[in-house]
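**Student:** Next up is a structure, given as structure tokens.
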Amino acid sequence: MKSLRRFFSRLFSSATRRGQEARLREEIAEHIALQTSDNIRAGMSPIDARRQACIKFGAIESMKEEFRAERGFVLLENLHQDIRFAIRSLRRTPGLALFVVLTLALGIGITSSVFSMLDALVFRPYPVPNSGNVVSLNSTTHDSAFEDFSYREYLDLRDKTSSYDGLVANTTMEAVGFSAEPQASPRIKGGMMVSGNYFHVLGVEPTLGRGFRMDEDQAPGRDAVVVLGPEFWKHEFASDPSVLGRTVHLNSTNFIVIGVAPDTFPGMLIFAHPDFYIPLSMARVFATNAQKNFFEDRDDRELAVRGRLKPTVSLRQAQNEVAVLAENLQSQYPDVNRGRGATVHTQFEMRTRPDDGNWKFAVIFIILSLAVLLVACTNVAGLLLSRARARTREIAVRLAIGAGRLRLIRLLLTESAILAFLGGLTGVAVGYGIIAWFQSYKNVIFMSDLPVLVPFQMDQRVLAVTLLLSAASALACGLVPALQSSRADLVNGLKSADVDLPGRKYLWGRNALVIAQVSTSLMLLAAAFLMYRGFQVLVLGGVGFPTDHVLIASFDPRLLQYNTAQTQNFYKLLAQRVRETSGVENASFSQNIPLSDEGFDALSFVPDNFQMPPDRDHFTSGSDAVDEHYFDTMRIPILRGRGFLSSDAADNPPVVVVNEQFAHHYWPASNALGKRIRLGGHSGTLLEIVGIAKTTSYVDSGEKPMDFIYLPLAQHPVPHLTLMIRSAGDPLQLVQPVKEIVRTLDANLPMMQTMSYQEFYLNKAVRGPGIAVKLVAGMGLIGLFLAVAGLYGVMVYNVSRRTREIGIRMAIGARSSDVLRLVLAKGLALVGAGTAIGLIMGFAVERLMDSLLFNAGRVDTFVYLIVVPSLFAITLLAAYLPARRASRIAPTQALRYE
Amino acid sequence: MSTPSKSKADVLQGTLALMVLKTLDVLGPLHGYGIARRIEQISGDLLAVNQGTLYPVLLKLEQEGAIASEWGASENNRRARFYELTREGRKQLQAETQDWQQTAAIIARFFQLKKEDWS
């Protein structure tokens, strides 16, 4: 109790130091004054009286020390002193301090901004309470372990499982026509269809109104209710609380607003925040596939299913359970569930799924940015080491008059901590800059009419990591110099500023720093070049058809609740009138835009009369539904057979066009023309292959050739289509005429994604990847710059340290070329060793990039042929300049040097 | 902090603290110089060497809550800090007086020992 009280009063008095100090002074003065007047009364002369009073009081300063020690915490006091001293001594070399701070800021800023990426893509937890036990359930096939479930399958799982405190399902609605008033023409928004228990199970409490009730996803089409997302509510309704009970129009259907989701729950997606939530029972209003019945068809798999694992159930138990349930489904519904399993994934597994490239880039980036930080730290460590060396005499004096070694190390570490702290602060600014730079590419990356968000931000998590990085770099760049310089040899240290003339012990540390710098920056440069080359291959590879002189525009008549006949009529009139427009060479419809991210449906099929491998019962292939003008419009050559004809209509024999890759894949020896495939499973429709098209790129430019099936649009109608117009001149000239045609057909139907295909292609295949290349190239250049600066600094230092030695050598007959060779040899050795290690690291990082990004699996010698010699040349130059200066030293001057 | 004479200083400080408490107990509120003079009067030249050592002891006692201090006017009408025993200080004094007397009694008995007492 007593000690606790003393602790607090000490803590308090540490804080009020100045007041205490003044009080003590006053007390001492009064004490001595009283003693003096007593002495005078006793008969002394005033001067003597005061003298005697002071003597009697004793040594004031040592008493004060004791008083201070009694009063506060020595450690805290010392820290305060250290900080003041460190700031003072840093101020004495402002240039160096600035350079160090900027170097660290670059390293820390890059790393923290890249971490914000990795955090958003991988680590950031779901914005729900106890997010740790939210897991994803996935349907699995031979090809993928991350497939969705159908509505029926979800119901089966939900009712039969016992591992979860609730199982929720949701599916995103990419483009929904929204209007607050019935007359207003709809605008495109993005929403989420969810099961009735969605908010309840996730533990999300609406700020306003209520979430869905369980019974609201029971009867198809009955409960037209909507819960608004927090941002949507703010922007569209100005946070008006009276929005509850109002009617809004989604795809021209009335929905009643029943609630608003809280700010803390922007949704479960990474790249978008849903504008609103609709119960699954309203799926018909938003059906994506007109031929499927969402509520009945077991193979209409569109639902992402998540569950809250019970605390008593382990992940493995849940996986076993769902595997058994999937086996039951297989035997119950062999038609649609054969070969289909199910499994449970954690959030982390979902975010790091092998078929998603984003997080892989983030991993590569974080490795490279840590390398930049490493180079920055070694650079700063080298500088501080040189600086500590210049302070040898000061440190020797401190040691000589009794400073403890630990105290000295602490002092020096305080200096590097201050530098790192300032570096961290500036680094936050740098990080902000880089993130803002990312944000400015938002439209290039996403190319969507919907408001998307780049989820990288400087939040508390990233700031915490930045702080951690600063602390780590303070230790990394301060510890070695502090340890070394506090071990100084007192006798020599006091005699001369140059302590370790004979010893080599201290040098290896500095050499290791240079080697680390050179090798790390070689790795960075190699990575930058590899990435550049990788994308160059992708871009130069082309896509297999001309991308210019094409205008694209997408339509979705579901937004206005067109029925099938209306939809077909609209598209027929649209095509007809567009073709009549001057400047239009051809026009066609397709379900998908080539190279779009939205993904071609993976079509499962069985080739007729084909010997299936024993372990699988169907294959999958990319597919698209296109009309009879598509191959002409896109200039994709038909190599054999024919393209689609207007006679390939709904009632005529079903046909299909495959690409060359497909034909060669399944019928390598014979002609694929006339062969047939079954869609779906063994009981599906038989389609005859009537044409073989040239293999082009479908998902990415420069991708490996993949199987592809074209279906005739007339036999496989879909409501959401993209109009592709081949123009004679500038395709953008056609935007206005097309808009006019659409307006006369239906003024309320929005045109989406209207742009030239060239623009689409450039964003997708050139500019998007270019961001990554720029980022990595930037890191490589910074690494190279820092390494050169570090090497130069060390060489200059070495030369100045050996000035006298060189003078002696020259005095006894060495020529300047000998000196040049002597100094340069040292630099060469360092660069050589660094290059060797850097090559090894480069190969390692190439392996990693290959396995994660390019799947190339080979060593790109060209990269090393460029990078290694240029790095060698640049670093050698950094070594040569000081060496030349050394060779010009006049012996007379050098000997007098000191 | 770590000086070789620490142990000696601590002993001195311990006794000094006890003296301060006793002085304040008997005489009531006093300023630093007053305490020093009284102790000097009673103890002879124990404090004659270094009156200044008194102040760290006063601070320590104040931080422990044994004494309290406030500003007041000294004899020559200037500001001086007056120290006063608190209730806790009085308790501490009682306890330490007992301790001290016990220790003193034991030590006294040892000094009275003669060789015959061991046989």
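Here, A, B, ... name the chains of the structure tokens in the order displayed, residue numbers run from 1 inside each chain, and ligands are numbered from 1 in the same displayed order.
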Excluding Val657 in chain A and any residue of its chain fewer than 6 positions from it, enumerate the residues within 6 Å of it, using only C-alpha atoms, and give them as a PyMOL selection string.
**Tutor:** chain A and resi 689-692+710
**Student:** Keeping C-alpha atoms, export the residues of the selection given above as a tab-separated table (two decimals), in the first residue's frame.
**Tutor:**
chain	number	residue	atom	x	y	z
A	689	ILE	CA	-20.68	-29.35	-83.77
A	690	VAL	CA	-21.16	-27.39	-86.99
A	691	GLY	CA	-18.13	-25.12	-86.94
A	692	ILE	CA	-14.65	-24.75	-85.55
A	710	TYR	CA	-20.15	-21.00	-78.58
**Student:** Need to verify the contact set: range 567-571 of chain A, 9 Å, only C-alpha atoms, exclusion of same-chain residues closer than 2 positions in sequence. Can you return it as a list in words?
**Tutor:** Asp556, Pro557, Arg558, Tyr562, Asn563, Thr564, Ala565, Leu573, Leu574, Ala575, Gln576, Phe589, Pro717, Pro719, Leu721, Leu745 and Asp746 of chain A
**Student:** Go ahead and dump the residues you just picked, C-alpha atoms, as a CSV table (one decimal), in the first residue's frame.
**Tutor:**
chain,number,residue,atom,x,y,z
A,556,ASP,CA,-30.7,-5.7,-69.3
A,557,PRO,CA,-34.4,-5.6,-69.9
A,558,ARG,CA,-35.1,-7.3,-66.6
A,562,TYR,CA,-39.8,-7.2,-69.7
A,563,ASN,CA,-41.1,-10.6,-70.4
A,564,THR,CA,-39.4,-13.0,-72.9
A,565,ALA,CA,-41.3,-11.8,-75.9
A,573,LEU,CA,-35.6,-3.9,-83.3
A,574,LEU,CA,-32.4,-2.6,-81.7
A,575,ALA,CA,-30.2,-4.7,-84.0
A,576,GLN,CA,-32.2,-3.8,-87.0
A,589,PHE,CA,-25.2,-9.7,-79.6
A,717,PRO,CA,-31.7,-17.0,-74.9
A,719,PRO,CA,-31.9,-11.4,-71.1
A,721,LEU,CA,-26.8,-9.0,-73.6
A,745,LEU,CA,-37.4,2.0,-78.2
A,746,ASP,CA,-37.7,2.6,-74.5
**Student:** Report as a VMD selection string all protein, DNA and RNA residues lying within 9 Å of range 18-27 of chain B, evaluated on only C-alpha atoms, omitting residues in the same chain fewer than 5 positions from it.
**Tutor:** chain B and resid 13 35 to 36 38 to 39 54 57 to 58 61 66 to 67 83 to 85 89 to 90 92 to 93 96 to 97
**Student:** Check every residue of chain B for an atom within 6 Å of chain A, counting only C-alpha atoms, and provide those that qualify as a list of chain:residue names.
**Tutor:**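 Therefore, the residues near the partner are B:Tyr33, B:Asn50, B:Gln51, B:Gly52, B:Pro56, B:Gln63, B:Glu64.
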**Student:** Only C-alpha atoms, please: the residues just picked out, written as an mmCIF file, in the first residue's frame.
**Tutor:**
data_model
loop_
_atom_site.group_PDB
_atom_site.id
_atom_site.type_symbol
_atom_site.label_atom_id
_atom_site.label_comp_id
_atom_site.auth_asym_id
_atom_site.auth_seq_id
_atom_site.Cartn_x
_atom_site.Cartn_y
_atom_site.Cartn_z
ATOM 1 C CA TYR B 33 15.324 24.767 9.014
ATOM 2 C CA ASN B 50 25.029 18.064 6.159
ATOM 3 C CA GLN B 51 21.786 19.772 6.912
ATOM 4 C CA GLY B 52 20.879 19.389 3.267
ATOM 5 C CA PRO B 56 15.290 14.198 0.456
ATOM 6 C CA GLN B 63 5.420 10.773 -0.572
ATOM 7 C CA GLU B 64 4.737 7.970 1.897
#
**Student:** Write down as a count of residues only the residues of range 128-298 of chain A whose backbone DSSP state falls under strand (DSSP E or B).
**Tutor:** 56
**Student:** Would you please extract all alpha helix (DSSP H) residues from chain B, as assigned by DSSP on the backbone, and give them as a PyMOL selection string?
**Tutor:** chain B and resi 6-27+32-43+54-64+87-111
**Student:** Just want the 12 Å neighbourhood of Gln319 in chain A, counted on only C-alpha atoms, with same-chain residues fewer than 5 positions away dropped. Output as a short mmCIF file (atom, residue, chain, number, x, y, z; two decimals) with N, CA and C atoms, in the first residue's frame.
**Tutor:**
data_model
loop_
_atom_site.label_atom_id
_atom_site.label_comp_id
_atom_site.auth_asym_id
_atom_site.auth_seq_id
_atom_site.Cartn_x
_atom_site.Cartn_y
_atom_site.Cartn_z
N VAL A 135 -17.85 -19.46 -41.05
CA VAL A 135 -17.14 -20.25 -42.05
C VAL A 135 -17.98 -20.34 -43.32
N SER A 136 -17.33 -20.71 -44.42
CA SER A 136 -18.03 -20.83 -45.69
C SER A 136 -18.20 -22.29 -46.05
N LEU A 137 -19.37 -22.63 -46.57
CA LEU A 137 -19.59 -23.98 -47.07
C LEU A 137 -19.54 -23.91 -48.60
N ASN A 138 -18.85 -24.88 -49.19
CA ASN A 138 -18.73 -24.86 -50.64
C ASN A 138 -19.03 -26.21 -51.23
N SER A 139 -19.65 -26.16 -52.38
CA SER A 139 -19.83 -27.36 -53.17
C SER A 139 -18.51 -27.63 -53.88
N THR A 161 -28.04 -30.12 -41.00
CA THR A 161 -26.78 -29.98 -40.28
C THR A 161 -27.03 -29.64 -38.82
N SER A 162 -26.09 -30.00 -37.96
CA SER A 162 -26.22 -29.64 -36.55
C SER A 162 -24.95 -28.97 -36.04
N SER A 163 -24.08 -28.56 -36.96
CA SER A 163 -22.81 -28.01 -36.54
C SER A 163 -22.85 -26.50 -36.36
N TYR A 164 -23.93 -25.85 -36.77
CA TYR A 164 -23.89 -24.40 -36.84
C TYR A 164 -25.00 -23.76 -36.02
N LEU A 309 -20.20 -21.48 -36.91
CA LEU A 309 -19.84 -22.75 -36.30
C LEU A 309 -20.14 -22.70 -34.81
N VAL A 313 -18.08 -27.34 -31.85
CA VAL A 313 -17.82 -28.14 -33.05
C VAL A 313 -16.52 -27.68 -33.69
N SER A 314 -15.66 -28.63 -34.01
CA SER A 314 -14.40 -28.26 -34.66
C SER A 314 -14.62 -28.19 -36.17
N VAL A 324 -20.60 -35.92 -45.60
CA VAL A 324 -21.62 -36.98 -45.55
C VAL A 324 -22.92 -36.50 -46.20
N LEU A 325 -23.30 -35.25 -45.86
CA LEU A 325 -24.53 -34.70 -46.44
C LEU A 325 -24.43 -34.65 -47.97
N ALA A 326 -23.24 -34.29 -48.48
CA ALA A 326 -23.06 -34.21 -49.92
C ALA A 326 -23.16 -35.59 -50.55
N GLY A 341 -19.02 -33.02 -54.18
CA GLY A 341 -18.86 -33.13 -52.74
C GLY A 341 -19.15 -31.79 -52.11
N ALA A 342 -18.76 -31.65 -50.85
CA ALA A 342 -18.92 -30.35 -50.19
C ALA A 342 -17.88 -30.27 -49.09
N THR A 343 -17.50 -29.07 -48.77
CA THR A 343 -16.52 -28.90 -47.70
C THR A 343 -16.74 -27.56 -47.01
N VAL A 344 -15.99 -27.36 -45.92
CA VAL A 344 -16.11 -26.12 -45.15
C VAL A 344 -14.76 -25.41 -45.19
N HIS A 345 -14.80 -24.10 -45.48
CA HIS A 345 -13.57 -23.31 -45.50
C HIS A 345 -13.65 -22.20 -44.47
N THR A 346 -12.50 -21.88 -43.88
CA THR A 346 -12.46 -20.69 -43.02
C THR A 346 -12.40 -19.45 -43.91
#
**Student:** When you draw a straight line from CA of Asp300 in chain A to CA of Ser150 in chain A, how long is it in Å?
**Tutor:**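 Taking CA of Asp300 in chain A as the start and CA of Ser150 in chain A as the end point, the length is 5.2 Å.
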